[in-house]
Amino acid sequence: MLPLLLAVVQQPAPRPPDLLKRAHTYSIVAYDSATGDLGVAVQSKFPNVGGIVPWAKAGVGAVATQSLGNTDYGDKGLELMALGTSAPEALRIVMRSDPRPAQRQVGMVDARGGAGSWTGDSCFDWAGGRVGGQAAGRSGGKGEVIAGRGYAAQANIMVSDQTVKNMAEAFERASGALADRLMAALVAGQAGGGDKRGMESAALLVVRKNAGYLGLNDRYIDIRVYDDTNPIRELQRLYALHRLYFFASRPEDLIPITPDVVRRLEPILLREPLGQREKWLAAPQGVANRTFLEALANFMYWENYDVRVRMDGKIDKVALDDILERRKQ
């Protein structure tokens, strides 16, 4: 009977019927006390993770819902935090009405910096989380809500706990804007081993009051990589483009449109738009007069540099460098 018993014991565990629905993922949610920014960065071996995991609302909070993602944690979590509930308590409240909390992994942060992370008992190893503040440095295991300050990092089906350790340490060491710190954490998480099954999609979401396109919404940064062999690298590329096309000019990047700048830009304005009969400039101007500035503005709108257009005799050096770089022979 012993050989038969061993055969039974050694049988692999049955494949969970919902395995393919689970977002095997690592993520970080965080708050920036200096700017009020709230955000989420996430990577997964699962397509379109950006359409499932990250949730955020300016002045309220941010949520990452993964493993067997439940969007109620996003919707209801933000509703509760909007009413003043702390992130850890909002997480506990939403869990009470969830029939399958053991299959969830969630991180939440509120607009006062409170943070919480949960990893259910049924999440596949390695699975766990880490939060900032006094609880920093302790990785939470399964079946407990860990509470802290500033951020919550969580991961499931990882090579080891090094992924969340790396994310937490990188986030705390990084400087600059919240988005830059979130990206640093994401890169470090992958360097710690990442998802056992590999990489497929990624997303970066940061909200700030009236910081979206032309100040008309709160979606300061909302970038998703649906499917890619190296989604973090692609997310970095798209983030660089987003900064170029959607971030307003910094004062230190503004330079006068000198005759030398005119000399470099005028040939472009005289030959473009390509394939169009009428060009931005009908004749050389030689200086940054009204005709030149209007032609330059029209060209920049055409090329999607909307937020960097000016009519004051200055140009954003970031935009200028990009314009010239794209037209190198």
# chains A, B, ... in the order shown; residues from 1 in each chain; ligands from 1
$ select_by_dssp --residues "range 168-304 of chain A" --states "strand (DSSP E)" --output "JSON, numbers by chain"
{"A": [201, 202, 203, 204, 205, 206, 207, 219, 220, 221, 222, 223, 224, 225, 254, 255, 256]}
$ write_last_selection --atoms "C-alpha atoms" --output "PDB file, in the first residue's frame"
ATOM      1  CA  SER A 201       1.856  44.229 -19.737  1.00  0.00           C
ATOM      2  CA  ALA A 202       2.392  47.278 -17.550  1.00  0.00           C
ATOM      3  CA  ALA A 203       0.753  50.556 -16.567  1.00  0.00           C
ATOM      4  CA  LEU A 204       1.442  53.872 -14.853  1.00  0.00           C
ATOM      5  CA  LEU A 205      -1.399  55.979 -13.443  1.00  0.00           C
ATOM      6  CA  VAL A 206      -0.890  59.275 -11.582  1.00  0.00           C
ATOM      7  CA  VAL A 207      -3.669  61.712 -10.715  1.00  0.00           C
ATOM      8  CA  ARG A 219      -5.487  62.234 -15.339  1.00  0.00           C
ATOM      9  CA  TYR A 220      -1.980  63.619 -15.065  1.00  0.00           C
ATOM     10  CA  ILE A 221      -0.432  60.384 -16.372  1.00  0.00           C
ATOM     11  CA  ASP A 222      -2.393  57.399 -17.679  1.00  0.00           C
ATOM     12  CA  ILE A 223      -0.218  55.038 -19.739  1.00  0.00           C
ATOM     13  CA  ARG A 224      -0.902  51.387 -20.532  1.00  0.00           C
ATOM     14  CA  VAL A 225       1.150  48.754 -22.320  1.00  0.00           C
ATOM     15  CA  LEU A 254      12.687  78.319 -21.955  1.00  0.00           C
ATOM     16  CA  ILE A 255      15.245  79.984 -24.226  1.00  0.00           C
ATOM     17  CA  PRO A 256      15.028  83.082 -26.497  1.00  0.00           C
TER      18      PRO A 256
END
$ select_by_dssp --residues "range 24-159 of chain A" --states "alpha helix (DSSP H)" --output "ChimeraX atom specification"
/A:72-82,87-96
$ residues_around --residues "range 178-190 of chain A" --least-positions-apart "6" --cutoff "7 Å" --atoms "only C-alpha atoms" --output "list in words"
Asp32, Asp37, Ala41, Val42, Thr163, Val164, Asn166, Met167, Ala168, Ala170, Phe171, Val206 and Ile232 of chain A
$ closest_residue --among "A:Ala295, A:Ala58, A:Ala288, A:Ala152" --to "Asn210 in chain A" --atoms "only C-alpha atoms"
A:Ala58
$ residues_around --residues "Tyr151 in chain A" --least-positions-apart "3" --cutoff "6 Å" --atoms "only C-alpha atoms" --output "MDAnalysis selection string"
chainID A and resid 29:30 115 131:132
$ closest_residue --among "A:Leu216, A:Ala82, A:Ile28, A:Ala191" --to "Gln66 in chain A" --atoms "only C-alpha atoms"
A:Ile28
$ closest_atom_pairs --of "range 250-292 of chain A" --to "range 306-322 of chain A" --cutoff "9 Å" --atoms "only C-alpha atoms" --output "tab-separated table"
residue	atom	partner	partner_atom	distance
A:Arg250	CA	A:Asp316	CA	8.1
A:Pro251	CA	A:Asp316	CA	8.7
A:Glu252	CA	A:Asp316	CA	9.0
A:Asp253	CA	A:Lys317	CA	5.4
A:Leu254	CA	A:Asp316	CA	4.6
A:Ile255	CA	A:Lys314	CA	5.4
A:Pro256	CA	A:Lys314	CA	4.4
A:Ile257	CA	A:Lys314	CA	5.2
A:Thr258	CA	A:Gly313	CA	8.6
A:Val261	CA	A:Leu320	CA	8.9
A:Leu265	CA	A:Leu320	CA	8.7
A:Ala288	CA	A:Gly313	CA	6.7
A:Asn289	CA	A:Gly313	CA	8.3
A:Arg290	CA	A:Met311	CA	8.5
$ write_last_selection --atoms "C-alpha atoms" --output "mmCIF file, in the first residue's frame"
data_model
loop_
_atom_site.group_PDB
_atom_site.id
_atom_site.type_symbol
_atom_site.label_atom_id
_atom_site.label_comp_id
_atom_site.auth_asym_id
_atom_site.auth_seq_id
_atom_site.Cartn_x
_atom_site.Cartn_y
_atom_site.Cartn_z
ATOM 1 C CA ARG A 250 9.568 74.340 -17.073
ATOM 2 C CA PRO A 251 10.901 77.910 -16.679
ATOM 3 C CA GLU A 252 14.484 76.654 -16.832
ATOM 4 C CA ASP A 253 13.835 75.082 -20.266
ATOM 5 C CA LEU A 254 12.687 78.319 -21.955
ATOM 6 C CA ILE A 255 15.245 79.984 -24.226
ATOM 7 C CA PRO A 256 15.028 83.082 -26.497
ATOM 8 C CA ILE A 257 14.366 82.494 -30.189
ATOM 9 C CA THR A 258 17.616 84.046 -31.392
ATOM 10 C CA VAL A 261 17.396 79.370 -33.552
ATOM 11 C CA LEU A 265 13.989 76.135 -37.657
ATOM 12 C CA ALA A 288 11.437 85.838 -34.799
ATOM 13 C CA ASN A 289 8.821 88.324 -36.006
ATOM 14 C CA ARG A 290 5.063 87.856 -35.805
#
$ closest_residue --among "A:Ala153, A:Val145, A:Val287, A:Ile268" --to "Arg92 in chain A" --atoms "only C-alpha atoms"
A:Val145
$ residues_around --residues "Ser97 in chain A" --least-positions-apart "6" --cutoff "12 Å" --atoms "only C-alpha atoms" --output "list of chain:residue names"
A:Asn70, A:Asp72, A:Tyr73, A:Lys76, A:Gly77, A:Ala90, A:Leu91
$ write_last_selection --atoms "C-alpha atoms" --output "mmCIF file, in the first residue's frame"
data_model
loop_
_atom_site.group_PDB
_atom_site.id
_atom_site.type_symbol
_atom_site.label_atom_id
_atom_site.label_comp_id
_atom_site.auth_asym_id
_atom_site.auth_seq_id
_atom_site.Cartn_x
_atom_site.Cartn_y
_atom_site.Cartn_z
ATOM 1 C CA ASN A 70 -12.015 42.569 -8.023
ATOM 2 C CA ASP A 72 -15.129 46.609 -6.316
ATOM 3 C CA TYR A 73 -11.951 47.291 -4.372
ATOM 4 C CA LYS A 76 -15.801 51.092 -3.316
ATOM 5 C CA GLY A 77 -12.360 51.727 -1.906
ATOM 6 C CA ALA A 90 -11.421 51.079 3.572
ATOM 7 C CA LEU A 91 -9.623 47.885 2.601
#
$ residues_around --residues "Lys142 in chain A" --least-positions-apart "4" --cutoff "10 Å" --atoms "only C-alpha atoms" --output "list in words"
Ala102, Gln105, Trp118, Thr119, Gly120, Asp121, Ser122, Cys123, Phe124, Asp125, Trp126, Ala127, Gly128, Gly129 and Ile146 of chain A
$ write_last_selection --atoms "N, CA and C atoms" --output "JSON list (two decimals), in the first residue's frame"
[["chain", "number", "residue", "atom", "x", "y", "z"],
["A", 102, "ALA", "N", -9.85, 35.58, 0.10],
["A", 102, "ALA", "CA", -8.62, 34.79, 0.13],
["A", 102, "ALA", "C", -7.92, 34.77, -1.22],
["A", 105, "GLN", "N", -5.50, 40.19, -3.85],
["A", 105, "GLN", "CA", -4.34, 40.93, -3.35],
["A", 105, "GLN", "C", -4.59, 42.39, -3.68],
["A", 118, "TRP", "N", -3.08, 43.91, 1.44],
["A", 118, "TRP", "CA", -3.67, 42.62, 1.81],
["A", 118, "TRP", "C", -3.26, 41.56, 0.80],
["A", 119, "THR", "N", -2.90, 40.39, 1.28],
["A", 119, "THR", "CA", -2.62, 39.23, 0.44],
["A", 119, "THR", "C", -3.42, 38.06, 0.98],
["A", 120, "GLY", "N", -4.36, 37.54, 0.17],
["A", 120, "GLY", "CA", -5.19, 36.43, 0.62],
["A", 120, "GLY", "C", -4.44, 35.12, 0.69],
["A", 121, "ASP", "N", -4.98, 34.20, 1.49],
["A", 121, "ASP", "CA", -4.33, 32.91, 1.72],
["A", 121, "ASP", "C", -4.21, 32.07, 0.45],
["A", 122, "SER", "N", -5.09, 32.30, -0.53],
["A", 122, "SER", "CA", -5.08, 31.49, -1.74],
["A", 122, "SER", "C", -4.22, 32.07, -2.86],
["A", 123, "CYS", "N", -3.56, 33.20, -2.62],
["A", 123, "CYS", "CA", -2.65, 33.76, -3.63],
["A", 123, "CYS", "C", -1.43, 32.85, -3.76],
["A", 124, "PHE", "N", -0.98, 32.66, -5.00],
["A", 124, "PHE", "CA", 0.12, 31.73, -5.25],
["A", 124, "PHE", "C", 1.46, 32.34, -4.85],
["A", 125, "ASP", "N", 2.31, 31.50, -4.28],
["A", 125, "ASP", "CA", 3.63, 31.94, -3.83],
["A", 125, "ASP", "C", 4.55, 32.29, -5.00],
["A", 126, "TRP", "N", 5.58, 33.19, -4.77],
["A", 126, "TRP", "CA", 5.63, 33.95, -3.54],
["A", 126, "TRP", "C", 4.62, 35.09, -3.61],
["A", 127, "ALA", "N", 3.93, 35.31, -2.50],
["A", 127, "ALA", "CA", 2.94, 36.39, -2.47],
["A", 127, "ALA", "C", 3.01, 37.10, -1.14],
["A", 128, "GLY", "N", 2.96, 38.43, -1.19],
["A", 128, "GLY", "CA", 2.98, 39.22, 0.03],
["A", 128, "GLY", "C", 3.11, 40.69, -0.29],
["A", 129, "GLY", "N", 3.24, 41.52, 0.74],
["A", 129, "GLY", "CA", 3.31, 42.96, 0.53],
["A", 129, "GLY", "C", 4.22, 43.64, 1.52],
["A", 146, "ILE", "N", -1.64, 44.70, 6.35],
["A", 146, "ILE", "CA", -0.55, 45.45, 6.95],
["A", 146, "ILE", "C", -0.77, 46.93, 6.66]]
$ closest_residue --among "A:Leu293, A:Tyr301, A:Leu241, A:Asp227" --to "Pro273 in chain A" --atoms "only C-alpha atoms"
A:Tyr301
$ atom_distance --atom1 "CA of Pro284 in chain A" --atom2 "CA of Ala248 in chain A"
29.2 Å
$ residues_around --residues "Gly286 in chain A" --least-positions-apart "4" --cutoff "8 Å" --atoms "only C-alpha atoms" --output "VMD selection string"
chain A and resid 259 262 to 263 266
$ atom_distance --atom1 "CA of Gly51 in chain A" --atom2 "CA of Tyr305 in chain A"
27.2 Å
$ atom_distance --atom1 "CA of Tyr31 in chain A" --atom2 "CA of Gly150 in chain A"
5.4 Å
